[in-house]
Amino acid sequence: MTTELLLHLGRLPPQGASLRAALAVAKRLEARLDGLYVVDLPAAAFTVPEAVPMQLDAVRQRATDARALSGTWQSLLDEAGLEGKWRVGNGDTVQLLVHAAAGYDLLIVERGGSQRGDAPVGFGVVSRTVFGSNHGVLVVPEQAVVTSVGDNVLVAWNGSRESALAVHAALPLLRKAGKVTVIDGSRDEDNDTCALPDMNICGWLETHRIRAEFRQLPETAAPSPGPALLEMARADNVDLIVMGAWGRSRLSEMVLGGTTRHLFMQSDIPMLVAN
C-alpha cells in the first residue's frame, strides 16, 4: 500500500524547510506527496461590510493564482521522481487541514520562529492542527536545515497515549532509519491513576523489525525535559524527533510551559508529533 503524504504550504510559490522535508520523506518512503494551499478569509474582513465584496474578489484572485501553480508543483515532483497532485482549498486553515489530513498517513506543516508566525503558547495554526488531527503531524521549523529526515531518529518516550500514537505514526520512517535512539522519560508515578500494562518500548519496536538504542532521561531533566531532549538531539546530529504532544494537561503546558511548548518554540529539528 502506498504511503500518502499531505504538505501544507503557507506561502507561494512552494518553498521553505517544510517542502524540503516533505520531498525527503516522500523519497525515503517512496510515497505519494500532495501539496495543499489554503486561501483563508480572516474574520476581520467582515468588520467593514462595504469592504466585503473587495475582500471576496481578492480571495477569488488568490485562489486562481494558487491553482495556476499546479504545473510548478508537478515539476517539483517530476524532478524528485515522485507522484502527487496540487490542491487548493478555501476557508479556515485549521479546519481544512484537519479535514484534508484525515485521508492521509501524515500531514506536514511548517512552523514559524518563536518570535513570529504560529502562536508560541499553543493557539496558532500548527498547534490547533495538531490538537484536531487524528494522525501524526510532521512539524518542520522554518529555520531547520533539512538534508535528511528519518535517517537518525530520537524517540522521546514517556509511556503516554500521545507518545504511543507518535511512535505508531512514525513506524514507516523508523523501519528505514539508520539509527533509532529511545530516550525513556517515563516515571512510575505518572501512571498511578491508570492501571496501564507495562510496555517494553524497545521490545515492541523489535516486533516491527526496528532495532533501537535505549537511554534513560537523566533524573535531573525529569521536571522539565524539553531542554535536555533538544540538547541530546543536537549532540547526536538527530534529523527527526518523535514525541507525543501535550502529554499532560494542554492548558498547563500552554500556559505554564512543558516539553511540547519548549520544543515548538526552540527546536530547529523536524518533529513528528501526535496528540
# chains A, B, ... in the order shown; residues from 1 in each chain; ligands from 1
>>> residues_around(residues="Ile269 in chain A", least_positions_apart="2", cutoff="8 Å", atoms="only C-alpha atoms", output="MDAnalysis selection string")
chainID A and resid 140:141 144:145 238:241 267 271
>>> write_last_selection(atoms="C-alpha atoms", output="PDB file, in the first residue's frame")
ATOM      1  CA  VAL A 140       9.103  21.430  10.453  1.00  0.00           C
ATOM      2  CA  PRO A 141      10.659  24.571  11.970  1.00  0.00           C
ATOM      3  CA  ALA A 144      15.546  23.828  10.046  1.00  0.00           C
ATOM      4  CA  VAL A 145      18.443  22.953   7.752  1.00  0.00           C
ATOM      5  CA  VAL A 238      19.420  13.796  15.020  1.00  0.00           C
ATOM      6  CA  ASP A 239      17.329  14.727  11.975  1.00  0.00           C
ATOM      7  CA  LEU A 240      13.913  13.780  13.412  1.00  0.00           C
ATOM      8  CA  ILE A 241      12.357  13.842  16.881  1.00  0.00           C
ATOM      9  CA  SER A 267      13.695  23.230  18.136  1.00  0.00           C
ATOM     10  CA  MET A 271       9.339  16.760  14.952  1.00  0.00           C
TER      11      MET A 271
END
>>> residues_around(residues="Leu165 in chain A", least_positions_apart="3", cutoff="6 Å", atoms="only C-alpha atoms", output="tab-separated table (two decimals) with C-alpha atoms, in the first residue's frame")
chain	number	residue	atom	x	y	z
A	162	GLU	CA	0.32	10.52	22.89
A	168	HIS	CA	2.97	4.34	15.66
A	274	ALA	CA	0.71	13.13	17.76
>>> residues_around(residues="Trp86 in chain A", least_positions_apart="4", cutoff="10 Å", atoms="only C-alpha atoms", output="PDB file with C-alpha atoms, in the first residue's frame")
ATOM      1  CA  LEU A   6      -0.012  15.910   2.564  1.00  0.00           C
ATOM      2  CA  LEU A   7       2.126  19.047   2.714  1.00  0.00           C
ATOM      3  CA  LEU A  33       3.045  13.649  -1.993  1.00  0.00           C
ATOM      4  CA  ASP A  34       0.170  16.096  -2.399  1.00  0.00           C
ATOM      5  CA  GLY A  35       0.557  19.826  -1.836  1.00  0.00           C
ATOM      6  CA  LEU A  36      -2.195  21.964  -0.298  1.00  0.00           C
ATOM      7  CA  TYR A  37      -2.520  25.735  -0.222  1.00  0.00           C
ATOM      8  CA  ALA A  66      -2.728  29.363  -6.492  1.00  0.00           C
ATOM      9  CA  ARG A  67      -4.367  26.897  -8.884  1.00  0.00           C
ATOM     10  CA  ALA A  68      -2.126  28.222 -11.658  1.00  0.00           C
ATOM     11  CA  LEU A  69       0.855  26.761  -9.779  1.00  0.00           C
ATOM     12  CA  SER A  70      -0.165  23.151 -10.410  1.00  0.00           C
ATOM     13  CA  GLY A  71       2.469  22.967 -13.138  1.00  0.00           C
ATOM     14  CA  THR A  72       5.152  24.222 -10.748  1.00  0.00           C
ATOM     15  CA  TRP A  73       4.170  21.545  -8.249  1.00  0.00           C
ATOM     16  CA  GLN A  74       4.257  18.859 -10.902  1.00  0.00           C
TER      17      GLN A  74
END
>>> closest_residue(among="A:Asp57, A:Asp151, A:Glu4, A:Glu110", to="Leu82 in chain A", atoms="only C-alpha atoms")
A:Glu4
>>> atom_distance(atom1="CA of Asp184 in chain A", atom2="CA of Val155 in chain A")
8.3 Å
>>> select_by_dssp(residues="range 144-248 of chain A", states="strand (DSSP E or B)", output="list in words")
Asn152, Val153, Leu154, Val155, Ala156, Trp157, Lys179, Val180, Thr181, Val182, Ile183, Asp184, Glu213, Phe214, Arg215, Gln216, Leu240, Ile241, Val242, Met243 and Gly244 of chain A
>>> residues_around(residues="Thr93 in chain A", least_positions_apart="6", cutoff="10 Å", atoms="only C-alpha atoms", output="CSV table (one decimal) with C-alpha atoms, in the first residue's frame")
chain,number,residue,atom,x,y,z
A,8,HIS,CA,0.5,22.3,3.8
A,10,GLY,CA,1.7,28.6,3.8
A,37,TYR,CA,-2.5,25.7,-0.2
A,38,VAL,CA,-5.4,27.3,1.8
A,39,VAL,CA,-6.9,30.6,0.7
A,40,ASP,CA,-8.3,31.9,4.0
A,41,LEU,CA,-10.5,34.9,4.7
A,42,PRO,CA,-9.7,36.5,8.0
A,99,HIS,CA,-10.4,17.6,7.4
A,125,VAL,CA,-2.4,27.2,13.3
A,126,VAL,CA,0.1,24.5,13.8
A,129,THR,CA,-4.0,21.5,13.8
>>> residues_around(residues="Arg209 in chain A", least_positions_apart="4", cutoff="10 Å", atoms="only C-alpha atoms", output="list in words")
Leu171, Leu174, Arg175, Lys176, Gly203, Trp204 and Leu205 of chain A
>>> write_last_selection(atoms="C-alpha atoms", output="PDB file, in the first residue's frame")
ATOM      1  CA  LEU A 171       6.806   3.349  12.094  1.00  0.00           C
ATOM      2  CA  LEU A 174      11.651   4.117  11.853  1.00  0.00           C
ATOM      3  CA  ARG A 175      11.854   0.944   9.750  1.00  0.00           C
ATOM      4  CA  LYS A 176      14.069   2.748   7.244  1.00  0.00           C
ATOM      5  CA  GLY A 203      10.721  -4.876  22.608  1.00  0.00           C
ATOM      6  CA  TRP A 204       7.659  -3.500  20.833  1.00  0.00           C
ATOM      7  CA  LEU A 205       9.864  -1.792  18.264  1.00  0.00           C
TER       8      LEU A 205
END
>>> select_by_dssp(residues="range 7-249 of chain A", states="helix (DSSP H, G or I)", output="VMD selection string")
chain A and resid 17 to 29 43 to 46 49 to 67 70 to 80 93 to 101 125 to 132 161 to 176 188 to 191 201 to 207 219 to 221 226 to 235
